[in-house]
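S.K.: Have a look at this one.
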Amino acid sequence: MAEFSPIDVPLLEIDLITILNAILILVIAYLSARVISYVLTRFSERVGRYRLVVKNAIPILKWIIYGIALYNIFGSILTLTSTQLIAMATLLGAAIGFGIKDLFADAIGGIVIILEKPYQVGDKIKIGQYYGEVVDIGIRSTRLMTPDDTLVSVPNYLIFTQSVASATAGNPEMMVIIDLFIDPSSDAEFAMKILREAVMTSKYVYLPKKQRFAIFLDDFPFYRRLRAKAYVHDLRAEFEFKSDVTRRAWGEFSKNSIQAPKVTILGEGLTKQ
């Protein structure tokens, strides 16, 4: 039977200088990524409709920087043949299985996000129980800014286990749904006209030819629902748009005796007032 000798991985001499060089490379990579992220983020706020294009270059550049850094570090320590590379990959796989599988899953998830783009920096997304604007896609996590200004870090591996809903798909415009509820005895047709006017005259609305808005009416046992679907010119104005339309529509409803339902609407349930 053939005998297999152990595969020796040749290491270059590792001394204090080599260690310091590796640390220096990591520090330079980290600082470079932070500086590029800061500069491009500030610049993106000055270029209007191209804001998302600039921001989406940030995670790609960060991955390139860290990749170059790791290549230089390992290149200064190891000299591997193809056979030895396979052996190292096997050892790395075992290490991943025993101790760092979550970190590895996050890194792979980050690569998938960058390449397949289920969402991008600047998108409004819902992943799992979290909803907000994507402000950064890192190696380990995606950071979301929620509507209440809370910064949430979502592990990248959730892309494999959770459904992701993107409201913008890389575009600055975003569809916003506004629901208003009125009493069944109120004039629904006139209420629809008021809501339509409130949407059309809002300073936040986006009205291109290809993306028209719509007003719908639905009847329920104890109330009627008016639903407006319209695009806002910048996804960051989502809640300002909702508030503006709702405030002005209800102002006109009050002047024209259009009343709220005589029940309190809580999700799918109803309670009498």
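Quick note on naming: the chains in the structure tokens go A, B, ... in the order shown, residues restart at 1 in each chain, and ligands are numbered from 1 in order of appearance.
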List as a PyMOL selection string the protein and nucleic acid residues near A:Tyr231, meaning an atom at most 10 Å away when only C-alpha atoms are counted, but skip any in the same chain fewer than 3 places from it.

M.R.: chain A and resi 173-177+199+204-208+211-213+228+234-235+238+241

S.K.: Could you give me, as number ranges by chain, the residues within 12 Å of A:Tyr157, counting only C-alpha atoms and dropping anything in the same chain fewer than 2 positions from it?

M.R.: A: 101-113, 127-128, 138-142, 153-155, 159-163

S.K.: Could you check the closest approach to A:Phe190 for each of A:Leu158, A:Ile258, A:Val164, A:Val152 and tell me which residue wins, using only C-alpha atoms?

M.R.: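 Closest to A:Phe190, using only C-alpha atoms: A:Ile258.
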
S.K.: Rank A:Lys262, A:Ser44, A:Ala237, A:Lys203 by their smallest atom-to-atom distance to A:Pro221, using only C-alpha atoms, and report the top residue only.

M.R.: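 Ranked by minimum distance to A:Pro221, first place goes to A:Lys262.
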
S.K.: Would you please work out which residue, of A:Ala165, A:Ala198, A:Ile114, A:Ala191, is nearest to A:Ser254 when using only C-alpha atoms?

M.R.: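 Checking each of A:Ala165, A:Ala198, A:Ile114, A:Ala191 against A:Ser254, counting only C-alpha atoms, the winner is A:Ala191.
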
S.K.: One number please: atom CA of A:Leu24 to atom CA of A:Ile68, in Å, one decimal.

M.R.: 13.3 Å

S.K.: Mind checking DSSP for stretch 121-246 of chain A and telling me the alpha helix (DSSP H) residues as an MDAnalysis selection string?

M.R.: chainID A and resid 188:200 238:246

S.K.: Quick one, how far is atom CA of A:Tyr223 from atom CA of A:Val263?

M.R.: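 Separating atom CA of A:Tyr223 from atom CA of A:Val263 is a distance of 7.9 Å.
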
S.K.: Determine, counting only C-alpha atoms, which protein, DNA and RNA residues have an atom within 9 Å of an atom of A:Ile25; residues of the same chain fewer than 5 positions away are not included. Present the result as a list in words.

M.R.: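 Residues near the query, excluding close chain neighbours: Leu20, Tyr30, Ala69, Leu70, Asn72 and Ile73 of chain A.
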
S.K.: Restricting the calculation to only C-alpha atoms, which member of A:Ser32, A:Ala22, A:Arg46, A:Lys255 is positioned closest to A:Tyr71?

M.R.: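 Comparing A:Ser32, A:Ala22, A:Arg46, A:Lys255 against A:Tyr71, the winner is A:Ala22.
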
S.K.: By how many Å are atom CA of A:Thr246 and atom CA of A:Pro147 apart?

M.R.: 17.8 Å

S.K.: Could you give me, as a PDB file with N, CA and C atoms, in the first residue's frame, each residue of stretch 63-228 of chain A that DSSP assigns to strand (DSSP E) when run on this structure's backbone?

M.R.:
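selection_34.pdb, written as the output of this step:
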```pdb
ATOM      1  N   LYS A 124     -34.693  50.973   1.293  1.00  0.00           N
ATOM      2  CA  LYS A 124     -35.553  50.710   2.450  1.00  0.00           C
ATOM      3  C   LYS A 124     -35.957  49.247   2.367  1.00  0.00           C
ATOM      4  N   ILE A 125     -35.597  48.468   3.394  1.00  0.00           N
ATOM      5  CA  ILE A 125     -35.859  47.038   3.347  1.00  0.00           C
ATOM      6  C   ILE A 125     -36.497  46.561   4.645  1.00  0.00           C
ATOM      7  N   LYS A 126     -37.119  45.405   4.560  1.00  0.00           N
ATOM      8  CA  LYS A 126     -37.605  44.689   5.747  1.00  0.00           C
ATOM      9  C   LYS A 126     -36.985  43.301   5.709  1.00  0.00           C
ATOM     10  N   ILE A 127     -36.204  42.982   6.723  1.00  0.00           N
ATOM     11  CA  ILE A 127     -35.589  41.664   6.830  1.00  0.00           C
ATOM     12  C   ILE A 127     -35.869  41.146   8.232  1.00  0.00           C
ATOM     13  N   TYR A 130     -36.991  43.500  11.256  1.00  0.00           N
ATOM     14  CA  TYR A 130     -36.419  44.833  11.179  1.00  0.00           C
ATOM     15  C   TYR A 130     -36.793  45.531   9.868  1.00  0.00           C
ATOM     16  N   TYR A 131     -37.057  46.841   9.972  1.00  0.00           N
ATOM     17  CA  TYR A 131     -37.358  47.664   8.802  1.00  0.00           C
ATOM     18  C   TYR A 131     -36.588  48.972   8.922  1.00  0.00           C
ATOM     19  N   GLY A 132     -35.964  49.381   7.829  1.00  0.00           N
ATOM     20  CA  GLY A 132     -35.254  50.646   7.859  1.00  0.00           C
ATOM     21  C   GLY A 132     -34.425  50.857   6.603  1.00  0.00           C
ATOM     22  N   GLU A 133     -33.652  51.937   6.605  1.00  0.00           N
ATOM     23  CA  GLU A 133     -32.779  52.264   5.474  1.00  0.00           C
ATOM     24  C   GLU A 133     -31.417  51.611   5.668  1.00  0.00           C
ATOM     25  N   VAL A 134     -30.923  50.967   4.623  1.00  0.00           N
ATOM     26  CA  VAL A 134     -29.599  50.346   4.672  1.00  0.00           C
ATOM     27  C   VAL A 134     -28.546  51.444   4.624  1.00  0.00           C
ATOM     28  N   VAL A 135     -27.754  51.562   5.692  1.00  0.00           N
ATOM     29  CA  VAL A 135     -26.719  52.591   5.730  1.00  0.00           C
ATOM     30  C   VAL A 135     -25.324  52.022   5.514  1.00  0.00           C
ATOM     31  N   ASP A 136     -25.174  50.694   5.683  1.00  0.00           N
ATOM     32  CA  ASP A 136     -23.854  50.097   5.463  1.00  0.00           C
ATOM     33  C   ASP A 136     -24.000  48.589   5.301  1.00  0.00           C
ATOM     34  N   ILE A 137     -23.198  48.020   4.408  1.00  0.00           N
ATOM     35  CA  ILE A 137     -23.106  46.571   4.255  1.00  0.00           C
ATOM     36  C   ILE A 137     -21.661  46.194   4.562  1.00  0.00           C
ATOM     37  N   SER A 141     -22.094  42.249   9.050  1.00  0.00           N
ATOM     38  CA  SER A 141     -23.494  42.622   9.249  1.00  0.00           C
ATOM     39  C   SER A 141     -23.896  43.766   8.328  1.00  0.00           C
ATOM     40  N   THR A 142     -25.209  43.886   8.185  1.00  0.00           N
ATOM     41  CA  THR A 142     -25.814  45.011   7.482  1.00  0.00           C
ATOM     42  C   THR A 142     -26.423  45.932   8.525  1.00  0.00           C
ATOM     43  N   ARG A 143     -26.157  47.221   8.414  1.00  0.00           N
ATOM     44  CA  ARG A 143     -26.680  48.170   9.396  1.00  0.00           C
ATOM     45  C   ARG A 143     -27.878  48.908   8.810  1.00  0.00           C
ATOM     46  N   LEU A 144     -28.957  48.922   9.579  1.00  0.00           N
ATOM     47  CA  LEU A 144     -30.192  49.591   9.192  1.00  0.00           C
ATOM     48  C   LEU A 144     -30.473  50.747  10.142  1.00  0.00           C
ATOM     49  N   MET A 145     -30.949  51.867   9.581  1.00  0.00           N
ATOM     50  CA  MET A 145     -31.447  52.966  10.393  1.00  0.00           C
ATOM     51  C   MET A 145     -32.961  52.876  10.387  1.00  0.00           C
ATOM     52  N   LEU A 151     -30.018  52.513  15.211  1.00  0.00           N
ATOM     53  CA  LEU A 151     -29.110  51.817  14.301  1.00  0.00           C
ATOM     54  C   LEU A 151     -29.077  50.345  14.686  1.00  0.00           C
ATOM     55  N   VAL A 152     -29.524  49.477  13.777  1.00  0.00           N
ATOM     56  CA  VAL A 152     -29.624  48.046  14.030  1.00  0.00           C
ATOM     57  C   VAL A 152     -28.629  47.305  13.137  1.00  0.00           C
ATOM     58  N   SER A 153     -27.865  46.394  13.737  1.00  0.00           N
ATOM     59  CA  SER A 153     -26.945  45.553  12.973  1.00  0.00           C
ATOM     60  C   SER A 153     -27.592  44.185  12.762  1.00  0.00           C
ATOM     61  N   VAL A 154     -27.811  43.831  11.504  1.00  0.00           N
ATOM     62  CA  VAL A 154     -28.453  42.569  11.150  1.00  0.00           C
ATOM     63  C   VAL A 154     -27.388  41.635  10.576  1.00  0.00           C
ATOM     64  N   PRO A 155     -27.163  40.452  11.157  1.00  0.00           N
ATOM     65  CA  PRO A 155     -26.143  39.530  10.625  1.00  0.00           C
ATOM     66  C   PRO A 155     -26.389  39.200   9.150  1.00  0.00           C
ATOM     67  N   VAL A 164     -36.427  38.835   2.326  1.00  0.00           N
ATOM     68  CA  VAL A 164     -36.055  40.247   2.305  1.00  0.00           C
ATOM     69  C   VAL A 164     -37.001  40.991   1.366  1.00  0.00           C
ATOM     70  N   ALA A 165     -37.607  42.044   1.851  1.00  0.00           N
ATOM     71  CA  ALA A 165     -38.486  42.884   1.031  1.00  0.00           C
ATOM     72  C   ALA A 165     -37.824  44.240   0.851  1.00  0.00           C
ATOM     73  N   SER A 166     -37.565  44.613  -0.400  1.00  0.00           N
ATOM     74  CA  SER A 166     -36.950  45.905  -0.709  1.00  0.00           C
ATOM     75  C   SER A 166     -37.990  46.801  -1.360  1.00  0.00           C
ATOM     76  N   MET A 174     -39.795  55.888  -4.081  1.00  0.00           N
ATOM     77  CA  MET A 174     -40.371  54.798  -3.292  1.00  0.00           C
ATOM     78  C   MET A 174     -41.884  54.934  -3.250  1.00  0.00           C
ATOM     79  N   MET A 175     -42.580  53.798  -3.429  1.00  0.00           N
ATOM     80  CA  MET A 175     -44.027  53.824  -3.290  1.00  0.00           C
ATOM     81  C   MET A 175     -44.412  53.871  -1.813  1.00  0.00           C
ATOM     82  N   VAL A 176     -45.359  54.753  -1.516  1.00  0.00           N
ATOM     83  CA  VAL A 176     -45.857  54.906  -0.150  1.00  0.00           C
ATOM     84  C   VAL A 176     -47.357  54.653  -0.164  1.00  0.00           C
ATOM     85  N   ILE A 177     -47.833  53.882   0.808  1.00  0.00           N
ATOM     86  CA  ILE A 177     -49.262  53.587   0.928  1.00  0.00           C
ATOM     87  C   ILE A 177     -49.820  54.350   2.126  1.00  0.00           C
ATOM     88  N   ILE A 178     -50.876  55.093   1.891  1.00  0.00           N
ATOM     89  CA  ILE A 178     -51.507  55.894   2.937  1.00  0.00           C
ATOM     90  C   ILE A 178     -52.947  55.426   3.099  1.00  0.00           C
ATOM     91  N   ASP A 179     -53.314  54.985   4.287  1.00  0.00           N
ATOM     92  CA  ASP A 179     -54.670  54.526   4.575  1.00  0.00           C
ATOM     93  C   ASP A 179     -55.383  55.517   5.483  1.00  0.00           C
ATOM     94  N   LEU A 180     -56.572  55.917   5.068  1.00  0.00           N
ATOM     95  CA  LEU A 180     -57.449  56.750   5.890  1.00  0.00           C
ATOM     96  C   LEU A 180     -58.784  56.030   6.040  1.00  0.00           C
ATOM     97  N   PHE A 181     -59.377  56.104   7.208  1.00  0.00           N
ATOM     98  CA  PHE A 181     -60.615  55.372   7.490  1.00  0.00           C
ATOM     99  C   PHE A 181     -61.729  56.360   7.811  1.00  0.00           C
ATOM    100  N   ILE A 182     -62.874  56.183   7.170  1.00  0.00           N
ATOM    101  CA  ILE A 182     -64.005  57.078   7.383  1.00  0.00           C
ATOM    102  C   ILE A 182     -65.252  56.276   7.742  1.00  0.00           C
ATOM    103  N   VAL A 205     -44.430  64.472  -3.236  1.00  0.00           N
ATOM    104  CA  VAL A 205     -44.895  63.475  -4.187  1.00  0.00           C
ATOM    105  C   VAL A 205     -44.043  63.468  -5.451  1.00  0.00           C
ATOM    106  N   TYR A 206     -43.927  62.286  -6.055  1.00  0.00           N
ATOM    107  CA  TYR A 206     -43.181  62.113  -7.305  1.00  0.00           C
ATOM    108  C   TYR A 206     -44.174  61.624  -8.344  1.00  0.00           C
ATOM    109  N   ALA A 214     -52.627  56.225  -7.367  1.00  0.00           N
ATOM    110  CA  ALA A 214     -53.972  55.675  -7.445  1.00  0.00           C
ATOM    111  C   ALA A 214     -54.661  55.828  -6.098  1.00  0.00           C
ATOM    112  N   ILE A 215     -55.989  55.965  -6.137  1.00  0.00           N
ATOM    113  CA  ILE A 215     -56.817  56.052  -4.937  1.00  0.00           C
ATOM    114  C   ILE A 215     -57.832  54.916  -4.985  1.00  0.00           C
ATOM    115  N   PHE A 216     -57.926  54.158  -3.896  1.00  0.00           N
ATOM    116  CA  PHE A 216     -58.836  53.021  -3.836  1.00  0.00           C
ATOM    117  C   PHE A 216     -59.804  53.188  -2.668  1.00  0.00           C
ATOM    118  N   LEU A 217     -60.983  52.572  -2.835  1.00  0.00           N
ATOM    119  CA  LEU A 217     -61.998  52.569  -1.780  1.00  0.00           C
ATOM    120  C   LEU A 217     -62.400  51.131  -1.487  1.00  0.00           C
ATOM    121  N   ASP A 218     -62.365  50.756  -0.213  1.00  0.00           N
ATOM    122  CA  ASP A 218     -62.792  49.424   0.219  1.00  0.00           C
ATOM    123  C   ASP A 218     -63.850  49.559   1.302  1.00  0.00           C
ATOM    124  N   ASP A 219     -64.907  48.767   1.189  1.00  0.00           N
ATOM    125  CA  ASP A 219     -65.984  48.758   2.180  1.00  0.00           C
ATOM    126  C   ASP A 219     -65.792  47.631   3.171  1.00  0.00           C
ATOM    127  N   ARG A 224     -65.119  52.499   6.109  1.00  0.00           N
ATOM    128  CA  ARG A 224     -64.601  52.474   4.746  1.00  0.00           C
ATOM    129  C   ARG A 224     -63.140  52.891   4.779  1.00  0.00           C
ATOM    130  N   ARG A 225     -62.369  52.224   3.951  1.00  0.00           N
ATOM    131  CA  ARG A 225     -60.942  52.537   3.894  1.00  0.00           C
ATOM    132  C   ARG A 225     -60.608  53.218   2.582  1.00  0.00           C
ATOM    133  N   LEU A 226     -59.996  54.388   2.682  1.00  0.00           N
ATOM    134  CA  LEU A 226     -59.445  55.073   1.514  1.00  0.00           C
ATOM    135  C   LEU A 226     -57.950  54.784   1.486  1.00  0.00           C
ATOM    136  N   ARG A 227     -57.466  54.284   0.371  1.00  0.00           N
ATOM    137  CA  ARG A 227     -56.040  53.946   0.254  1.00  0.00           C
ATOM    138  C   ARG A 227     -55.427  54.694  -0.920  1.00  0.00           C
ATOM    139  N   ALA A 228     -54.377  55.457  -0.633  1.00  0.00           N
ATOM    140  CA  ALA A 228     -53.624  56.155  -1.673  1.00  0.00           C
ATOM    141  C   ALA A 228     -52.286  55.447  -1.874  1.00  0.00           C
TER     142      ALA A 228
END
```
